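*Asks:* Below is coords-v2.txt; it holds compact mmCIF, C-alpha atoms.
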# COMPACT_ATOMS: atom_id res chain seq x y z
CA MET A 1 0.00 0.00 0.00
CA LYS A 2 1.29 3.47 -0.87
CA ARG A 3 1.84 6.00 1.90
CA ARG A 4 -0.96 8.27 0.62
CA GLU A 5 -3.41 5.36 0.47
CA LEU A 6 -2.54 4.22 3.98
CA LEU A 7 -2.98 7.69 5.47
CA LYS A 8 -6.28 8.04 3.64
CA ALA A 9 -7.46 4.68 5.01
CA LEU A 10 -6.43 5.61 8.52
CA GLY A 11 -8.31 8.88 8.26
CA TYR A 12 -11.49 7.25 7.00
CA THR A 13 -11.54 4.56 9.69
CA GLY A 14 -10.78 6.86 12.58
CA LEU A 15 -7.56 5.04 13.35
CA ALA A 16 -5.40 8.11 12.78
CA GLU A 17 -6.02 9.20 16.37
CA ALA A 18 -5.34 5.76 17.80
CA VAL A 19 -2.08 4.98 15.99
CA SER A 20 1.17 6.84 16.45
CA LEU A 21 2.25 7.53 12.86
CA ARG A 22 5.70 8.46 14.12
CA ASN A 23 6.37 4.79 14.72
CA LEU A 24 5.44 3.76 11.16
CA SER A 25 8.12 3.41 8.53
CA PHE A 26 7.76 3.31 4.78
CA ALA A 27 10.16 1.52 2.48
CA ALA A 28 12.01 3.96 0.23
CA GLN A 29 12.01 3.39 -3.49
CA PRO A 30 15.33 1.91 -4.60
CA ASN A 31 17.58 4.43 -6.28
CA ARG A 32 17.74 4.03 -10.04
CA THR A 33 20.64 5.22 -12.14
CA LEU A 34 20.64 6.01 -15.84
CA VAL A 35 24.08 5.74 -17.46
CA VAL A 36 24.28 7.54 -20.81
CA VAL A 37 27.17 6.51 -23.07
CA PHE A 38 27.83 8.77 -26.07
CA LEU A 39 29.86 7.28 -28.94
CA ARG A 40 31.35 10.51 -30.31
CA GLY A 41 32.09 10.76 -33.99
CA GLY A 42 29.15 9.00 -35.63
CA ALA A 43 29.37 5.26 -35.04
CA ASP A 44 28.75 3.10 -38.11
CA SER A 45 25.61 1.29 -37.00
CA LEU A 46 25.65 -0.99 -40.04
CA HIS A 47 29.08 -2.25 -38.99
CA MET A 48 27.82 -2.90 -35.45
CA ALA A 49 24.49 -4.60 -36.16
CA ALA A 50 23.08 -5.56 -39.54
CA PRO A 51 20.94 -8.01 -41.53
CA VAL A 52 23.93 -9.92 -42.86
CA ASN A 53 22.10 -11.75 -45.64
CA ASP A 54 20.46 -8.66 -47.12
CA ARG A 55 21.47 -8.53 -50.79
CA ASN A 56 21.74 -4.73 -50.76
CA TYR A 57 24.00 -4.88 -47.71
CA LEU A 58 26.19 -7.45 -49.43
CA ALA A 59 26.32 -5.50 -52.69
CA ASN A 60 27.25 -2.14 -51.21
CA ARG A 61 29.95 -3.02 -48.71
CA PRO A 62 33.23 -4.89 -48.97
CA PRO A 63 33.56 -7.81 -46.52
CA GLU A 64 35.90 -5.91 -44.19
CA LEU A 65 33.24 -3.22 -43.62
CA ARG A 66 30.32 -5.47 -42.94
CA ILE A 67 29.28 -8.16 -40.49
CA ILE A 68 29.58 -11.55 -42.14
CA GLU A 69 28.00 -14.98 -41.72
CA GLY A 70 29.18 -18.54 -42.00
CA ALA A 71 32.93 -17.91 -41.79
CA GLN A 72 35.71 -17.11 -39.39
CA ASN A 73 34.94 -13.96 -37.37
CA ALA A 74 31.26 -14.26 -38.24
CA GLY A 75 28.81 -11.94 -36.59
CA LEU A 76 26.80 -13.05 -33.57
CA ARG A 77 23.19 -13.88 -34.31
CA LEU A 78 20.65 -11.96 -32.24
CA PRO A 79 17.92 -14.09 -30.64
CA LYS A 80 15.33 -11.66 -31.99
CA GLY A 81 16.02 -9.96 -35.30
CA PHE A 82 15.20 -6.33 -36.03
CA ALA A 83 14.51 -6.90 -39.75
CA ALA A 84 11.80 -9.34 -40.76
CA GLU A 85 13.00 -12.61 -42.29
CA GLN A 86 16.63 -11.51 -42.12
CA ASP A 87 19.65 -12.94 -40.32
CA CYS A 88 20.38 -10.10 -37.88
CA ARG A 89 23.76 -10.12 -36.17
CA ILE A 90 26.00 -7.92 -34.09
CA HIS A 91 29.73 -7.39 -34.59
CA PRO A 92 31.82 -10.34 -33.31
CA ALA A 93 33.83 -8.00 -31.10
CA ALA A 94 30.60 -7.27 -29.19
CA ALA A 95 30.60 -10.85 -27.88
CA PRO A 96 30.42 -9.74 -24.20
CA LEU A 97 26.90 -8.44 -24.85
CA LEU A 98 25.43 -11.46 -26.63
CA ASP A 99 24.14 -13.38 -23.62
CA LEU A 100 22.52 -10.18 -22.30
CA PHE A 101 20.44 -10.10 -25.47
CA GLN A 102 19.63 -13.77 -24.95
CA SER A 103 18.53 -13.19 -21.33
CA GLY A 104 16.47 -10.08 -22.08
CA HIS A 105 18.84 -7.67 -20.33
CA ALA A 106 19.90 -5.99 -23.60
CA GLN A 107 18.00 -4.50 -26.53
CA LEU A 108 18.83 -2.47 -29.59
CA LEU A 109 16.71 -0.14 -31.67
CA HIS A 110 17.94 0.27 -35.25
CA ALA A 111 17.05 2.91 -37.85
CA CYS A 112 16.71 5.54 -35.13
CA GLY A 113 17.86 9.13 -35.59
CA LEU A 114 17.13 12.85 -35.63
CA THR A 115 14.06 13.95 -37.54
CA ASN A 116 15.99 17.00 -38.75
CA ALA A 117 18.96 15.13 -40.13
CA THR A 118 22.34 16.81 -40.47
CA ARG A 119 25.80 15.58 -41.36
CA SER A 120 27.51 18.05 -39.02
CA HIS A 121 28.97 16.50 -35.86
CA PHE A 122 28.58 19.74 -33.94
CA VAL A 123 24.99 20.44 -34.96
CA ALA A 124 23.85 16.83 -34.56
CA GLN A 125 25.37 16.54 -31.09
CA GLU A 126 23.91 19.89 -30.05
CA ILE A 127 20.39 18.92 -31.15
CA LEU A 128 20.62 15.44 -29.67
CA GLU A 129 21.95 16.57 -26.29
CA SER A 130 19.67 19.60 -25.89
CA SER A 131 15.95 19.69 -25.23
CA ALA A 132 15.44 21.51 -28.55
CA GLN A 133 13.67 19.57 -31.27
CA THR A 134 14.92 21.47 -34.32
CA GLN A 135 17.70 23.73 -35.54
CA SER A 136 15.27 26.61 -36.07
CA ARG A 137 15.23 27.80 -32.45
CA PRO A 138 18.16 29.04 -30.31
CA ILE A 139 19.51 25.71 -29.14
CA ALA A 140 22.22 27.06 -26.83
CA SER A 141 19.65 28.54 -24.42
CA THR A 142 17.76 25.28 -23.95
CA PRO A 143 18.50 22.85 -21.10
CA GLY A 144 19.97 19.42 -21.68
CA TRP A 145 17.62 16.62 -22.65
CA ILE A 146 18.16 14.81 -19.33
CA ALA A 147 17.38 17.81 -17.10
CA PRO A 148 13.57 17.44 -16.99
CA PHE A 149 13.81 13.89 -15.66
CA VAL A 150 16.22 14.39 -12.74
CA ARG A 151 14.54 14.78 -9.36
CA PRO A 152 16.23 17.59 -7.40
CA SER A 153 17.61 16.45 -4.08
CA ILE A 154 15.47 17.59 -1.15
CA THR A 155 18.18 17.29 1.49
CA GLY A 156 21.11 18.42 -0.65
CA LYS A 157 23.01 15.39 0.64
CA SER A 158 23.29 13.57 -2.65
CA VAL A 159 25.08 13.72 -5.98
CA ASP A 160 22.30 13.80 -8.54
CA PHE A 161 24.54 13.48 -11.59
CA ALA A 162 28.13 12.77 -12.50
CA ALA A 163 30.16 13.03 -15.68
CA THR A 164 33.57 11.69 -16.55
CA SER A 165 34.57 14.24 -19.20
CA ALA A 166 36.18 17.62 -18.61
CA GLY A 167 33.98 20.67 -19.03
CA GLN A 168 30.23 21.09 -19.06
CA ILE A 169 28.24 18.16 -20.40
CA ARG A 170 25.59 19.48 -22.77
CA SER A 171 23.06 16.77 -21.90
CA LEU A 172 23.17 17.93 -18.25
CA GLN A 173 22.85 21.66 -18.85
CA GLY A 174 20.35 23.18 -16.45
CA LEU A 175 21.30 20.90 -13.55
CA ASN A 176 23.61 22.03 -10.77
CA SER A 177 23.69 19.19 -8.29
CA GLY A 178 26.50 17.06 -9.62
CA ILE A 179 30.20 16.72 -10.27
CA ASN A 180 32.68 15.95 -13.04
CA LEU A 181 35.35 13.40 -12.19
CA VAL A 182 38.02 12.81 -14.82
CA GLY A 183 40.30 9.80 -14.50
CA GLU A 184 40.45 7.66 -11.39
CA LEU A 185 38.16 8.70 -8.58
CA ARG A 186 41.13 9.31 -6.29
CA ASN A 187 42.57 11.73 -8.84
CA GLY A 188 39.26 13.40 -9.48
CA LEU A 189 38.96 14.31 -5.80
CA SER A 190 42.45 15.76 -5.54
CA LEU A 191 42.01 19.51 -5.11
CA PRO A 192 44.92 21.91 -5.69
CA GLY A 193 46.92 22.05 -2.50
CA ASP A 194 45.15 19.00 -1.07
CA THR A 195 43.86 19.75 2.47
CA VAL A 196 45.21 23.31 2.41
CA GLY A 197 43.50 23.93 -0.92
CA ARG A 198 40.25 22.54 0.40
CA SER A 199 40.45 24.83 3.45
CA VAL A 200 40.99 27.84 1.18
CA LEU A 201 37.99 26.91 -1.00
CA GLU A 202 35.80 26.28 2.04
CA ALA A 203 36.73 29.70 3.42
CA LEU A 204 36.13 31.31 0.02
CA TYR A 205 32.61 29.88 -0.25
CA ALA A 206 31.67 30.19 3.41
CA ASN A 207 28.79 32.35 4.54
CA HIS A 208 29.74 35.98 4.97
CA PRO A 209 27.46 38.78 6.20
CA SER A 210 28.32 40.78 3.08
CA ALA A 211 27.51 37.92 0.72
CA PRO A 212 23.79 37.38 0.03
CA GLY A 213 22.66 33.79 0.44
CA SER A 214 21.13 33.83 -3.03
CA ASP A 215 24.46 34.55 -4.75
CA PRO A 216 24.59 31.80 -7.43
CA VAL A 217 28.39 31.52 -7.38
CA LEU A 218 28.44 30.95 -3.64
CA GLN A 219 25.61 28.45 -3.87
CA VAL A 220 27.34 26.41 -6.56
CA GLY A 221 30.66 26.54 -4.73
CA ARG A 222 29.17 25.38 -1.44
CA GLN A 223 27.17 22.66 -3.11
CA THR A 224 30.20 21.36 -4.99
CA LEU A 225 32.25 21.20 -1.81
CA GLN A 226 29.40 19.38 -0.04
CA GLN A 227 29.19 16.82 -2.82
CA LEU A 228 32.95 16.31 -2.91
CA ALA A 229 32.86 15.81 0.83
CA LEU A 230 30.08 13.25 0.46
CA VAL A 231 32.03 11.26 -2.14
CA ASP A 232 35.21 11.66 -0.13
CA ASP A 233 33.49 10.28 2.96
CA LYS A 234 32.20 7.22 1.06
CA ALA A 235 35.40 6.42 -0.83
CA PRO A 236 37.46 3.44 0.40
CA ARG A 237 40.85 4.25 1.90
CA ILE A 238 44.12 2.68 2.82
CA ASN A 239 46.27 4.61 5.29
CA GLY A 240 44.00 7.59 4.92
CA ARG A 241 44.23 7.87 1.11
CA ILE A 242 41.58 6.94 -1.44
CA THR A 243 42.48 3.70 -3.16
CA SER A 244 42.14 2.61 -6.76
CA TYR A 245 38.86 0.90 -7.50
CA MET A 246 38.86 -2.83 -6.84
CA ALA A 247 36.12 -4.51 -8.85
CA PRO A 248 34.60 -7.80 -7.68
CA LYS A 249 36.62 -10.85 -8.73
CA SER A 250 33.81 -11.94 -11.06
CA VAL A 251 34.02 -8.68 -13.04
CA SER A 252 36.64 -8.17 -15.74
CA TYR A 253 37.36 -4.70 -17.14
CA ASN A 254 39.16 -4.20 -20.45
CA THR A 255 42.42 -2.28 -19.88
CA GLU A 256 43.32 -1.37 -23.49
CA ASN A 257 41.87 2.15 -23.29
CA TYR A 258 42.88 3.63 -19.95
CA ASP A 259 40.56 6.66 -20.09
CA TRP A 260 37.52 4.55 -21.00
CA GLN A 261 38.34 1.97 -18.35
CA GLN A 262 38.72 4.57 -15.61
CA ALA A 263 35.56 6.42 -16.64
CA VAL A 264 33.46 3.26 -16.45
CA GLN A 265 35.01 2.17 -13.16
CA THR A 266 34.43 5.61 -11.65
CA VAL A 267 30.73 5.35 -12.49
CA ALA A 268 30.57 1.84 -11.04
CA GLN A 269 32.17 3.06 -7.83
CA LEU A 270 29.82 6.06 -7.53
CA ILE A 271 26.76 3.85 -8.04
CA ARG A 272 27.98 1.45 -5.38
CA MET A 273 28.51 4.33 -2.91
CA ASP A 274 24.76 4.99 -2.53
CA ILE A 275 25.13 8.75 -2.92
CA GLY A 276 21.82 9.21 -4.71
CA LEU A 277 23.33 9.18 -8.21
CA GLN A 278 20.54 9.43 -10.79
CA VAL A 279 22.45 10.06 -14.02
CA ALA A 280 26.01 9.42 -15.20
CA CYS A 281 27.34 10.57 -18.57
CA LEU A 282 30.32 8.96 -20.28
CA ASP A 283 31.95 9.62 -23.65
CA LEU A 284 33.88 7.25 -25.90
CA GLY A 285 35.33 8.97 -28.94
CA GLY A 286 37.07 7.87 -32.12
CA TRP A 287 34.06 6.73 -34.19
CA ASP A 288 34.57 9.13 -37.13
CA THR A 289 35.87 6.39 -39.43
CA HIS A 290 36.29 8.02 -42.85
CA GLU A 291 39.30 5.80 -43.57
CA TYR A 292 40.76 2.45 -42.53
CA GLN A 293 37.55 1.69 -40.68
CA SER A 294 37.89 -2.07 -40.28
CA GLY A 295 40.73 -2.16 -37.75
CA LYS A 296 39.55 0.93 -35.91
CA ILE A 297 36.02 -0.26 -35.37
CA ASN A 298 37.11 -3.72 -34.31
CA ASN A 299 39.14 -2.17 -31.48
CA LEU A 300 36.45 0.34 -30.56
CA VAL A 301 33.65 -2.24 -30.41
CA ARG A 302 35.81 -4.61 -28.35
CA GLN A 303 36.77 -1.93 -25.81
CA TRP A 304 33.29 -0.44 -25.66
CA SER A 305 31.39 -3.70 -25.27
CA ALA A 306 33.80 -5.29 -22.80
CA ASN A 307 33.63 -2.42 -20.35
CA LEU A 308 29.92 -1.83 -20.85
CA ARG A 309 29.43 -5.46 -19.88
CA ALA A 310 31.84 -5.12 -16.95
CA LEU A 311 29.89 -2.11 -15.68
CA PHE A 312 26.65 -4.09 -16.00
CA ASP A 313 28.07 -7.05 -14.08
CA ASP A 314 29.59 -4.76 -11.45
CA VAL A 315 26.41 -2.90 -10.55
CA GLN A 316 24.22 -5.99 -10.90
CA ALA A 317 26.44 -7.84 -8.43
CA ALA A 318 25.82 -4.98 -5.99
CA GLY A 319 22.07 -5.20 -6.50
CA LYS A 320 21.83 -1.73 -8.04
CA HIS A 321 18.98 -0.91 -10.40
CA THR A 322 20.85 0.51 -13.37
CA THR A 323 19.99 1.22 -16.99
CA MET A 324 22.61 1.96 -19.66
CA VAL A 325 21.71 3.65 -22.91
CA VAL A 326 24.19 4.09 -25.76
CA VAL A 327 23.81 6.63 -28.58
CA SER A 328 25.83 8.35 -31.29
CA GLU A 329 25.07 11.61 -33.09
CA PHE A 330 24.35 9.79 -36.36
CA GLY A 331 25.18 6.65 -38.31
CA ARG A 332 27.16 6.36 -41.52
CA ARG A 333 26.36 5.79 -45.17
CA LEU A 334 25.51 2.38 -46.54
CA ARG A 335 28.15 2.50 -49.26
CA ALA A 336 31.85 2.44 -48.44
CA ASN A 337 34.13 5.22 -49.68
CA ALA A 338 37.42 4.88 -51.56
CA SER A 339 39.50 5.15 -48.39
CA GLY A 340 38.31 1.98 -46.72
CA GLY A 341 35.83 3.86 -44.57
CA THR A 342 32.33 5.33 -44.52
CA ASP A 343 31.11 8.91 -44.53
CA HIS A 344 28.57 10.70 -42.36
CA GLY A 345 25.07 9.26 -42.54
CA HIS A 346 21.80 9.65 -40.68
CA ALA A 347 20.00 6.88 -38.79
CA GLY A 348 21.87 4.70 -36.29
CA ILE A 349 21.32 2.51 -33.24
CA VAL A 350 20.19 3.06 -29.67
CA TRP A 351 21.43 0.31 -27.34
CA ALA A 352 19.96 -0.35 -23.89
CA LEU A 353 21.11 -2.59 -21.03
CA ASP A 354 18.96 -2.95 -17.94
CA THR A 355 19.75 -4.90 -14.77
CA GLN A 356 16.03 -5.58 -14.28
CA ALA A 357 15.59 -6.91 -17.83
CA ARG A 358 12.85 -4.41 -18.63
CA GLY A 359 11.91 -3.80 -22.25
CA LEU A 360 12.73 -0.10 -22.53
CA LEU A 361 12.98 0.32 -26.30
CA PRO A 362 10.27 0.06 -28.94
CA PRO A 363 10.69 -2.45 -31.78
CA THR A 364 12.70 -1.46 -34.83
CA LEU A 365 10.76 -0.34 -37.89
CA TRP A 366 13.28 -1.61 -40.44
CA PRO A 367 13.11 0.48 -43.63
CA GLY A 368 15.21 -1.72 -45.91
CA LEU A 369 18.46 -1.04 -47.74
CA ALA A 370 17.36 -0.84 -51.38
CA THR A 371 18.28 2.48 -53.01
CA ASP A 372 14.67 3.69 -53.10
CA GLN A 373 14.35 2.86 -49.38
CA LEU A 374 17.38 4.92 -48.36
CA ASP A 375 17.39 8.49 -47.12
CA GLN A 376 18.53 10.60 -50.10
CA GLY A 377 19.52 7.36 -51.76
CA MET A 378 22.53 7.04 -49.44
CA ASP A 379 21.64 6.58 -45.79
CA LEU A 380 19.70 4.19 -43.62
CA GLN A 381 16.29 5.80 -43.27
CA GLN A 382 15.27 7.14 -39.85
CA THR A 383 12.00 5.49 -38.79
CA ARG A 384 11.94 6.55 -35.12
CA ASP A 385 12.83 9.87 -33.51
CA VAL A 386 15.85 9.30 -31.28
CA LYS A 387 14.98 12.25 -29.04
CA GLN A 388 11.52 10.86 -28.31
CA VAL A 389 12.98 7.41 -27.69
CA LEU A 390 15.49 8.82 -25.19
CA ALA A 391 12.84 10.93 -23.46
CA ASP A 392 10.51 7.95 -23.09
CA LEU A 393 13.31 5.80 -21.69
CA ALA A 394 14.43 8.45 -19.20
CA GLN A 395 10.83 8.99 -18.12
CA ARG A 396 10.47 5.30 -17.28
CA VAL A 397 13.83 4.95 -15.55
CA LEU A 398 14.03 8.16 -13.52
CA THR A 399 10.50 9.25 -12.68
Here is the file; what I need is its structure written in the form of structure tokens.
*Replies:*
Amino acid sequence: MKRRELLKALGYTGLAEAVSLRNLSFAAQPNRTLVVVFLRGGADSLHMAAPVNDRNYLANRPPELRIIEGAQNAGLRLPKGFAAEQDCRIHPAAAPLLDLFQSGHAQLLHACGLTNATRSHFVAQEILESSAQTQSRPIASTPGWIAPFVRPSITGKSVDFAATSAGQIRSLQGLNSGINLVGELRNGLSLPGDTVGRSVLEALYANHPSAPGSDPVLQVGRQTLQQLALVDDKAPRINGRITSYMAPKSVSYNTENYDWQQAVQTVAQLIRMDIGLQVACLDLGGWDTHEYQSGKINNLVRQWSANLRALFDDVQAAGKHTTMVVVSEFGRRLRANASGGTDHGHAGIVWALDTQARGLLPPTLWPGLATDQLDQGMDLQQTRDVKQVLADLAQRVLT
């Protein structure tokens, strides 16, 4: 029974006067965390998941730029295809994710993109990460797309969001109750001057009679110090110093890309700390594969999928309700270019992993790969609006 329903029942039956409500306790809703992974550069969705026996796919791409079947390094067949009567597979380097698809913990939505397509990285990322729907309005003044779904902390004793990239994260614009931690957590909490530096900052942002309490700079400074102190208090230590993250023995992180490994482990550690984390944003760049795509994407998919799976296993082992969604600003063209790569396209993939095995993505509306089915005769057609898909997912996870 919900709290409101119980109080209403007590009021109607006259028991409110006979029962001391101060002695009643109500189970809190478990904290849910949404992890947003942005593949910067325009990931080639048709080299990550594809209908491998589609004759148009076979005709337009050399073997090294497509997922293949029935041979060495064949793609991994999905238990449920996204294109009717087609053999749908994911890249072989994404092997760590396969059993999550088989168990219902992973989904993908193909042919998903911006309704106002653009081939500009900057414009596409700005539209995707903002709450604006089109390029026609001033995008810079709009909040990030995640902002409407984050519940502001009532007590102020939580870290509502975290990011692992330097600078402001566009998706989080409009929120002020979070922190950016770059590199290992122990490095991210190292302030200039260590304890002396912290004392200086605390004095700088302390209450002063001459400083109005509504001063936004003071408010942000105090809040940031409070959140750093909260993380600092929860972080494990040896001899008084924060230690490197030690994942459970059953969890294996890929160490090839140090920055990506540390970003994912930092998020795992923050989720395990129970600091009220609602959203975490991570970036993995390098997906702008205009040339020599085959080797690059093999490495990227291997590193990305291995650590995405490690993060999933890590938080699931801790019993944390976590959803991971993966996007890129756009996909790439069906046809390969002369440099062994692919150029900027339109529709791509949204990936979702959920520790509760909830179906959070709608089914793919596969448009086909024949020339007359392509966007401008070149690109995979967008059949679902990625911004609406992300908003619906965030609504279900965070509210």
*Asks:* Measuring atom to atom with all atoms listed in the file, identify which of A:Gln269, A:Thr323, A:Gln278, A:Ser250 is nearest to Ala147 in chain A.
*Replies:*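 Closest candidate: A:Gln278.
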*Asks:* Distance cut-off 12 Å, centre (38.9, 9.7, -32.0) in file coordinates, counting all atoms listed in the file: which residues qualify? Return them as an mmCIF file with C-alpha atoms, in the coordinates of the input.
*Replies:*
data_model
loop_
_atom_site.group_PDB
_atom_site.id
_atom_site.type_symbol
_atom_site.label_atom_id
_atom_site.label_comp_id
_atom_site.auth_asym_id
_atom_site.auth_seq_id
_atom_site.Cartn_x
_atom_site.Cartn_y
_atom_site.Cartn_z
ATOM 1 C CA LEU A 39 29.860 7.280 -28.940
ATOM 2 C CA ARG A 40 31.350 10.510 -30.310
ATOM 3 C CA GLY A 41 32.090 10.760 -33.990
ATOM 4 C CA GLY A 42 29.150 9.000 -35.630
ATOM 5 C CA ALA A 43 29.370 5.260 -35.040
ATOM 6 C CA ASN A 257 41.870 2.150 -23.290
ATOM 7 C CA ASP A 283 31.950 9.620 -23.650
ATOM 8 C CA LEU A 284 33.880 7.250 -25.900
ATOM 9 C CA GLY A 285 35.330 8.970 -28.940
ATOM 10 C CA GLY A 286 37.070 7.870 -32.120
ATOM 11 C CA TRP A 287 34.060 6.730 -34.190
ATOM 12 C CA ASP A 288 34.570 9.130 -37.130
ATOM 13 C CA THR A 289 35.870 6.390 -39.430
ATOM 14 C CA HIS A 290 36.290 8.020 -42.850
ATOM 15 C CA GLN A 293 37.550 1.690 -40.680
ATOM 16 C CA LYS A 296 39.550 0.930 -35.910
ATOM 17 C CA ILE A 297 36.020 -0.260 -35.370
ATOM 18 C CA ASN A 299 39.140 -2.170 -31.480
ATOM 19 C CA LEU A 300 36.450 0.340 -30.560
#
*Asks:* Adding 6 Å on each side of the box along x, y and z that holds all listed atoms of range 266-273 of chain A, could you give its centre and edge lengths in Å to one decimal, as lines of an AutoDock Vina configuration file?
*Replies:*
center_x = 30.6
center_y = 3.8
center_z = -7.7
size_x = 19.7
size_y = 16.6
size_z = 21.6
*Asks:* May I ask for the distance between CA of Arg272 in chain A and CA of Ala229 in chain A, given in Å to one decimal place?
*Replies:*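 One can read the CA of Arg272 in chain A to CA of Ala229 in chain A distance as 16.4 Å.
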*Asks:* Report, in Å to a single decimal, how far apart CA of Leu175 in chain A and CA of Leu360 in chain A are.
*Replies:*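 Atom-to-atom, CA of Leu360 in chain A to CA of Leu175 in chain A, that is 24.4 Å.
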*Asks:* Which residue out of A:Ala132, A:Val315, A:Leu334, A:Ile169 has the minimum interatomic distance to Arg61 in chain A when only C-alpha atoms are used?
*Replies:*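 Of A:Ala132, A:Val315, A:Leu334, A:Ile169, the one nearest Arg61 in chain A, counting only C-alpha atoms, is A:Leu334.
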*Asks:* Any idea what the distance is between CA of Gln303 in chain A and CA of Val35 in chain A?
*Replies:* 17.0 Å
*Asks:* Which residue gives the smallest distance to Arg396 in chain A among A:Asp87, A:Asp354, A:Asp44, A:Glu126, with all atoms listed in the file counted?
*Replies:*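 Of all the options, A:Asp354 lies closest to Arg396 in chain A.
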*Asks:* Counting all atoms listed in the file, figure out which residue out of A:Ala71, A:Ala140, A:Leu108, A:Ala357 gets nearest to Val123 in chain A.
*Replies:*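 Going through A:Ala71, A:Ala140, A:Leu108, A:Ala357 one by one, the smallest distance to Val123 in chain A is for A:Ala140.
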*Asks:* Which residues are close to His105 in chain A, i.e. within 10 Å by only C-alpha atoms, leaving aside same-chain residues fewer than 5 positions away? Reply as a list in words.
*Replies:*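 The neighbour list is Leu97, Leu98, Asp99, Leu100, Phe312, Thr323, Ala352, Leu353, Asp354, Thr355, Gln356, Ala357, Arg358, Gly359 and Leu360 of chain A.
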*Asks:* Keeping only C-alpha atoms, write the selected residues to a file as a short mmCIF file (atom, residue, chain, number, x, y, z; two decimals), in the coordinates of the input.
*Replies:*
data_model
loop_
_atom_site.label_atom_id
_atom_site.label_comp_id
_atom_site.auth_asym_id
_atom_site.auth_seq_id
_atom_site.Cartn_x
_atom_site.Cartn_y
_atom_site.Cartn_z
CA LEU A 97 26.90 -8.44 -24.85
CA LEU A 98 25.43 -11.46 -26.63
CA ASP A 99 24.14 -13.38 -23.62
CA LEU A 100 22.52 -10.18 -22.30
CA PHE A 312 26.65 -4.09 -16.00
CA THR A 323 19.99 1.22 -16.99
CA ALA A 352 19.96 -0.35 -23.89
CA LEU A 353 21.11 -2.59 -21.03
CA ASP A 354 18.96 -2.95 -17.94
CA THR A 355 19.75 -4.90 -14.77
CA GLN A 356 16.03 -5.58 -14.28
CA ALA A 357 15.59 -6.91 -17.83
CA ARG A 358 12.85 -4.41 -18.63
CA GLY A 359 11.91 -3.80 -22.25
CA LEU A 360 12.73 -0.10 -22.53
#
*Asks:* Might you pull out every residue within 9 Å of range 77-85 of chain A, with all atoms listed in the file counted and same-chain residues fewer than 5 positions away left off, and present them as a PyMOL selection string?
*Replies:* chain A and resi 50-51+69+90+98+101-102+108-110+363-368
